[in-house]
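K.L.:
Supplied in structure tokens, the structure appears directly below.
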Number of protein chains: 4
Amino acid sequence: MKDVQNSRDRRKIPIRKVGIKGLRIPVTVMDRANVSQHTVATVSLTVDLPHRFKGTHMSRFVEIITARRGDISVRQIGAVLRETLERFDSETAQIEIRFPYFIQKAAPVSGAKSLMDYECAFLASMAGGEDPHSLDLVLEVRVPAQTLCPCSREISDVGAHNQRSIVTIRARSRALVWLEDLIAIAEAEASAPLYAVLKREDEKRVTELAYSRPRFVEDVVRGVASKLRSDRRITWYEVESENIESIHNHNAYALVVGPDSGPDRPAPVRKRRSRRR
Amino acid sequence: MKDVQNSRDRRKIPIRKVGIKGLRIPVTVMDRANVSQHTVATVSLTVDLPHRFKGTHMSRFVEIITARRGDISVRQIGAVLRETLERFDSETAQIEIRFPYFIQKAAPVSGAKSLMDYECAFLASMAGGEDPHSLDLVLEVRVPAQTLCPCSREISDVGAHNQRSIVTIRARSRALVWLEDLIAIAEAEASAPLYAVLKREDEKRVTELAYSRPRFVEDVVRGVASKLRSDRRITWYEVESENIESIHNHNAYALVVGPDSGPDRPAPVRKRRSRRR
Amino acid sequence: MKDVQNSRDRRKIPIRKVGIKGLRIPVTVMDRANVSQHTVATVSLTVDLPHRFKGTHMSRFVEIITARRGDISVRQIGAVLRETLERFDSETAQIEIRFPYFIQKAAPVSGAKSLMDYECAFLASMAGGEDPHSLDLVLEVRVPAQTLCPCSREISDVGAHNQRSIVTIRARSRALVWLEDLIAIAEAEASAPLYAVLKREDEKRVTELAYSRPRFVEDVVRGVASKLRSDRRITWYEVESENIESIHNHNAYALVVGPDSGPDRPAPVRKRRSRRR
Amino acid sequence: MKDVQNSRDRRKIPIRKVGIKGLRIPVTVMDRANVSQHTVATVSLTVDLPHRFKGTHMSRFVEIITARRGDISVRQIGAVLRETLERFDSETAQIEIRFPYFIQKAAPVSGAKSLMDYECAFLASMAGGEDPHSLDLVLEVRVPAQTLCPCSREISDVGAHNQRSIVTIRARSRALVWLEDLIAIAEAEASAPLYAVLKREDEKRVTELAYSRPRFVEDVVRGVASKLRSDRRITWYEVESENIESIHNHNAYALVVGPDSGPDRPAPVRKRRSRRR
């Protein structure tokens, strides 16, 4: 059968990224306690396509992912991207692996144990011909937490509005950083962390903790950024905080990117290209 | 060209509903202040299909909606369904019109005016051969509001966790009920209403108001239900409250349906069938 | 500390359902091949609340789920609901467990193996005081498949528009039915099943298969319904088909419910009430 | 009352963006036919915050948007951003306005008229102290269209799989470009455009048109890019195509960015900062 994809394209337009999106597979992720955790990932895998080729072979992307039988932990990502570069003979390859990640937490007073879920992701890319260390990896964690408004607390005789807030951290590092490390920083800089199970004594503690630590979205992103900035392992970070405001039907939002010398986005291809300039 | 849809089907299986979903159109809705409001609706329109017909003609559904040029207010729904019954020669027709609805609100202290948005819907159906009054109409409003936890307030020395909550009301009535009427009831039974604009003095007032009116999701649905129950116009209601908990990553939920003598759902076909029983 | 939830409520309004929604946990599901499969579930657990009680204890719902350590297979649901009824001393309890479910499939020609994902759910309820067999369980599968338009094929000189379609089956049964059984029926009644990996020879086969089996959404729901109707194990079913139309920006939709003698919805509470009538 | 937001922050961390997200308002947009169109927009408005200030005043963002009474057409965006820069005394301001946009189309054979909806957006920013012309504006259109697989058509004896595909164009220009212009390019480069109403004769035409114009996602992004590249008005573009594959449960995706000399992203702040370097 004719291989349409391999036919010539004459428009002289190279394709930055081509591949698959939204492939769901069960995966195992190694967590800090060195226990492998079962979850479900949504994966996208792409490569660049030189201007002369009409198309790529989509089934290969799925084959590469499927062949790993769900083992696409941080340690495997480099190998996955190298294999992708080779099979597609491409210059660059990018992968995004998004998955809910679970951490067992103990309620602050009762010690009642429960699992909290966090949306996490590995955003990685690699450029062909370079050595394994050329892997560009960004860890992303989306951490739900509580924020209590400093202004509301200051001006009100009683109470203060608070809400669920989503703190997102994306970070590059020169040494291994666990998702748990980033999640812990986000929870420490919000007004209070969330729990799946809270007994009454725990609810009292969490309520009073949040009241004692009012935080604007601006405070949260700065608090997280200052910890990441002082972490020797971290080379780049992007921190967002978004409040599901309890007094408005829209959200409050803040973003910090750093260090200023660093790249603006977890976009390896561009990062590499800017280096070349 | 052969009309495939009109060919015979021999499986003896009547189709309960067939039609279109997700059709988006700009619409005008008349609001209580008798000002026509421009918004965008997502519409589904369906009919039943007797077992002997293979298929329906999907384009007709869109033609019926399009021909109204965006005027599908409550007053028009009966006409739309009658036309649908006639063009499809069907026994029943159902329509769902979902749209964001806007109400201008003044902040409680400063009086600063702003628009609040609410997800609303007209859920209607009609049975063929019956007179115009057979129209079955359910109004639905989804009202974002603030709820402050009575337990958290009671047991904590300071503060109380609160959050954005979504209060949903579905109601049938024997006389005209405005979306504004239902929205007002939902906001009055939560701990505090939301606003798009709040100056500092307003934020103080709203914060203290919520603290003075703690509400569980159970309190909200009961408060709303008791008002609907005592409203002579209302013949059936379904009330839901869902808290985007600020201390958990899951939601708290409550549902009340009434009056007990009434039908369980805004599902006209079933309602009619239960009448037949 | 005062137990606010246990205080009296005087509004005389019983609550139909109260509990938690959106709790995510890793679970293991036993599949037909008797291999336990790891996935992630989103759970809601609710009970009714008599009019005299002000509130329920939300943390208990999470404790009940958490205590199962992810083992909430069909065999466990009865026990989970019985425990819920007992701990809350409630008349009814309802649970919804939604999760992506994976089945290994072999491509039709090359035999290339890959995993397909399906959104599945266990929708169950139980009424207090009844024996274990009173468990009301509805299985739900959402099966993505291909549908090719019979009208388009009939009237066009070449080709026929086709698209991804979502076939949803909800079923009650008197004997064990596997999710795989329902998924197989849905895929057999569409124009063609989907696969994660298709080599060129497979793509040729699937394309020609779909062209040889044109199906309207009406055909799909009738085809599935006729198989469910003739399945001795099935006592009730609801079948939906929704085409992500490739020639429109809205969807085509069809619904069949049967058998006509059966209840209209997988809503156990209502089902029970209708029994009482 | 104390102005908490104006208090000092000593962490020396400037905030890249702070403001509101998800504010919904009715808006009027002027379309190419110079008819003002009513729709509903979701708006985010942000500014940078110097390291020395603790917080910003969120209510001002809403006031600025609300004061426009829904008139935030392209012509108004510059004024909105200038006002934002002045009221916040900030260096940069960014706005995102997303809305469904409607265009009346006539079916290809019957000429039947109907409205098609497209997700569009104005993504703009401005840097303080610069003249009005410093406005950086990116137009975004998300165009649903049909793509028919060239490989499937080539290798199959009959038919070819096709599906709904979303073509996204983001573009900067030196002269006025209408949303209609970009939408027309996207529809012309897919296998066929979509319509809300198609009579049988139209369905035949569209089916045969798509069969005669097979397109991979790679073809679509290249076709669109080559037209944008040759359009004197366009100074930068980013083109994506994503197929809701009818033979898979995942999507096929392609991205082209150009011209190569241009910036990588519609991120005005960065664009400006990189110029300064």
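Each chain in the structure tokens gets a letter, A, B and so on, in the order shown; residues start at 1 in every chain, and ligands are counted from 1 in the order they appear.
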Let me make sure I understand: if you superpose chain D onto chain C using all C-alpha atoms paired in order, what RMSD in Å results?
P.N.:
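Across all paired C-alpha atoms, the RMSD is 0.1 Å.
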K.L.:
Please determine the contact residues of chain A with respect to chain C at a cut-off of 6 Å, counting only C-alpha atoms, and supply them as a CSV table (one decimal) with N, CA, C and O atoms, in the first residue's frame.
P.N.:
```
chain,number,residue,atom,x,y,z
A,39,THR,N,-2.0,5.1,38.7
A,39,THR,CA,-2.9,6.2,38.4
A,39,THR,C,-3.2,6.1,36.9
A,39,THR,O,-2.8,5.1,36.2
A,59,SER,N,0.5,6.1,14.3
A,59,SER,CA,0.4,4.9,15.1
A,59,SER,C,1.7,4.7,15.9
A,59,SER,O,1.6,4.1,17.0
A,197,VAL,N,-10.3,14.0,54.8
A,197,VAL,CA,-11.0,13.7,56.0
A,197,VAL,C,-10.6,14.7,57.1
A,197,VAL,O,-9.4,14.8,57.5
```
K.L.:
Mind checking which residues fall within 7 Å of Glu238 in chain A, counting only C-alpha atoms, ignoring those fewer than 3 positions away in the same chain, and posting them as a ChimeraX atom specification?
P.N.:
/A:169-171,256-258
K.L.:
DSSP on the backbone: which residues in range 113-252 of chain A end up as helix (DSSP H, G or I)? Give the answer as a PDB file with C-alpha atoms, in the first residue's frame.
P.N.:
```
ATOM      1  CA  PRO A 132      20.877  12.072  27.386  1.00  0.00           C
ATOM      2  CA  HIS A 133      21.524  15.035  29.660  1.00  0.00           C
ATOM      3  CA  SER A 134      19.908  17.305  27.105  1.00  0.00           C
ATOM      4  CA  PRO A 150      -6.201  39.570  54.458  1.00  0.00           C
ATOM      5  CA  CYS A 151      -8.288  42.598  53.495  1.00  0.00           C
ATOM      6  CA  SER A 152     -11.571  40.936  54.471  1.00  0.00           C
ATOM      7  CA  ARG A 153     -10.080  39.879  57.809  1.00  0.00           C
ATOM      8  CA  GLU A 154      -8.590  43.301  58.489  1.00  0.00           C
ATOM      9  CA  ILE A 155     -11.727  45.308  57.836  1.00  0.00           C
ATOM     10  CA  LEU A 179       6.232  16.177  43.238  1.00  0.00           C
ATOM     11  CA  GLU A 180       5.778  15.948  47.014  1.00  0.00           C
ATOM     12  CA  ASP A 181       8.417  18.656  47.505  1.00  0.00           C
ATOM     13  CA  LEU A 182       6.569  21.126  45.280  1.00  0.00           C
ATOM     14  CA  ILE A 183       3.174  20.223  46.723  1.00  0.00           C
ATOM     15  CA  ALA A 184       4.473  20.781  50.254  1.00  0.00           C
ATOM     16  CA  ILE A 185       5.748  24.255  49.330  1.00  0.00           C
ATOM     17  CA  ALA A 186       2.400  25.227  47.790  1.00  0.00           C
ATOM     18  CA  GLU A 187       0.427  24.022  50.817  1.00  0.00           C
ATOM     19  CA  ALA A 188       2.781  25.772  53.250  1.00  0.00           C
ATOM     20  CA  GLU A 189       2.353  29.125  51.511  1.00  0.00           C
ATOM     21  CA  ARG A 200     -14.482  18.250  64.170  1.00  0.00           C
ATOM     22  CA  GLU A 201     -11.293  18.911  66.150  1.00  0.00           C
ATOM     23  CA  ASP A 202      -9.374  19.006  62.862  1.00  0.00           C
ATOM     24  CA  GLU A 203     -11.876  21.381  61.293  1.00  0.00           C
ATOM     25  CA  LYS A 204     -11.439  23.721  64.260  1.00  0.00           C
ATOM     26  CA  ARG A 205      -7.659  23.634  63.843  1.00  0.00           C
ATOM     27  CA  VAL A 206      -7.745  24.207  60.077  1.00  0.00           C
ATOM     28  CA  THR A 207     -10.265  27.046  60.411  1.00  0.00           C
ATOM     29  CA  GLU A 208      -8.138  28.818  63.007  1.00  0.00           C
ATOM     30  CA  LEU A 209      -4.930  28.139  61.085  1.00  0.00           C
ATOM     31  CA  ALA A 210      -6.336  29.769  57.948  1.00  0.00           C
ATOM     32  CA  TYR A 211      -7.579  32.750  59.985  1.00  0.00           C
ATOM     33  CA  SER A 212      -4.094  33.168  61.446  1.00  0.00           C
ATOM     34  CA  VAL A 217      -3.121  35.383  45.608  1.00  0.00           C
ATOM     35  CA  GLU A 218      -0.168  37.754  45.443  1.00  0.00           C
ATOM     36  CA  ASP A 219       1.108  36.484  48.809  1.00  0.00           C
ATOM     37  CA  VAL A 220       0.799  32.872  47.746  1.00  0.00           C
ATOM     38  CA  VAL A 221       2.779  33.201  44.513  1.00  0.00           C
ATOM     39  CA  ARG A 222       5.451  35.300  46.236  1.00  0.00           C
ATOM     40  CA  GLY A 223       5.724  32.911  49.158  1.00  0.00           C
ATOM     41  CA  VAL A 224       6.108  29.941  46.841  1.00  0.00           C
ATOM     42  CA  ALA A 225       8.522  31.829  44.553  1.00  0.00           C
ATOM     43  CA  SER A 226      10.790  32.874  47.426  1.00  0.00           C
ATOM     44  CA  LYS A 227      11.111  29.246  48.539  1.00  0.00           C
ATOM     45  CA  LEU A 228      11.788  28.018  45.011  1.00  0.00           C
ATOM     46  CA  ARG A 229      14.286  30.846  44.481  1.00  0.00           C
TER      47      ARG A 229
END
```
K.L.:
Could you list, as a list in words, every residue within 6 Å of Asn251 in chain C, counting only C-alpha atoms and ignoring same-chain residues fewer than 3 positions away?
P.N.:
Ile20 and Lys21 of chain B; Asn243, Ile244 and Glu245 of chain C
K.L.:
Restrict the selected residues to C-alpha atoms and save them as a short mmCIF file (atom, residue, chain, number, x, y, z; two decimals), in the first residue's frame.
P.N.:
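part.cif was written with the following content:
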```cif
data_model
loop_
_atom_site.label_atom_id
_atom_site.label_comp_id
_atom_site.auth_asym_id
_atom_site.auth_seq_id
_atom_site.Cartn_x
_atom_site.Cartn_y
_atom_site.Cartn_z
CA ILE B 20 -29.94 17.73 17.98
CA LYS B 21 -27.76 18.79 20.90
CA ASN C 243 -22.57 11.89 17.06
CA ILE C 244 -19.85 14.52 17.11
CA GLU C 245 -21.08 15.33 13.59
#
```
K.L.:
Choose the residue, out of D:Ile103, D:Ala160, D:Asn249, D:Ser125, that has the smallest atom-to-atom separation from Val143 in chain C; count only C-alpha atoms.
P.N.:
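Of D:Ile103, D:Ala160, D:Asn249, D:Ser125, the one nearest Val143 in chain C, counting only C-alpha atoms, is D:Asn249.
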K.L.:
CA of Gly159 in chain B to CA of Ala192 in chain B: how many Å, to one decimal?
P.N.:
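So the two atoms, CA of Gly159 in chain B and CA of Ala192 in chain B, lie 15.5 Å apart.
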K.L.:
Go ahead and compute the interatomic distance for CA of Asp48 in chain B and CA of Ile13 in chain B, in Å to one decimal.
P.N.:
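Separating CA of Asp48 in chain B from CA of Ile13 in chain B is a distance of 11.2 Å.
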K.L.:
Rounded to one decimal, what separation in Å do you get between CA of Pro14 in chain C and CA of Ser165 in chain B?
P.N.:
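The value is 20.8 Å.
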K.L.:
Pick out the residues sitting within 6 Å of Tyr253 in chain B, and hand them over as an NGL selection string; count only C-alpha atoms, and ignore anything fewer than 4 positions along from it in its own chain.
P.N.:
(:B and (241-242)) or (:C and (18-20))
K.L.:
Which polymer residues have any atom within 6 Å of an atom of Thr92 in chain C, counting only C-alpha atoms, with same-chain residues fewer than 3 positions away left out, as a list in words?
P.N.:
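The residues that qualify are Val47, Asp48, Met126, Ala127 and Gly128 of chain C.
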K.L.:
Hey, what's within 12 Å of Leu176 in chain B if we count only C-alpha atoms and toss same-chain stuff fewer than 4 positions away? As a PyMOL selection string, please?
P.N.:
chain B and resi 32+74-75+137-139+171-172+180-182+231-235
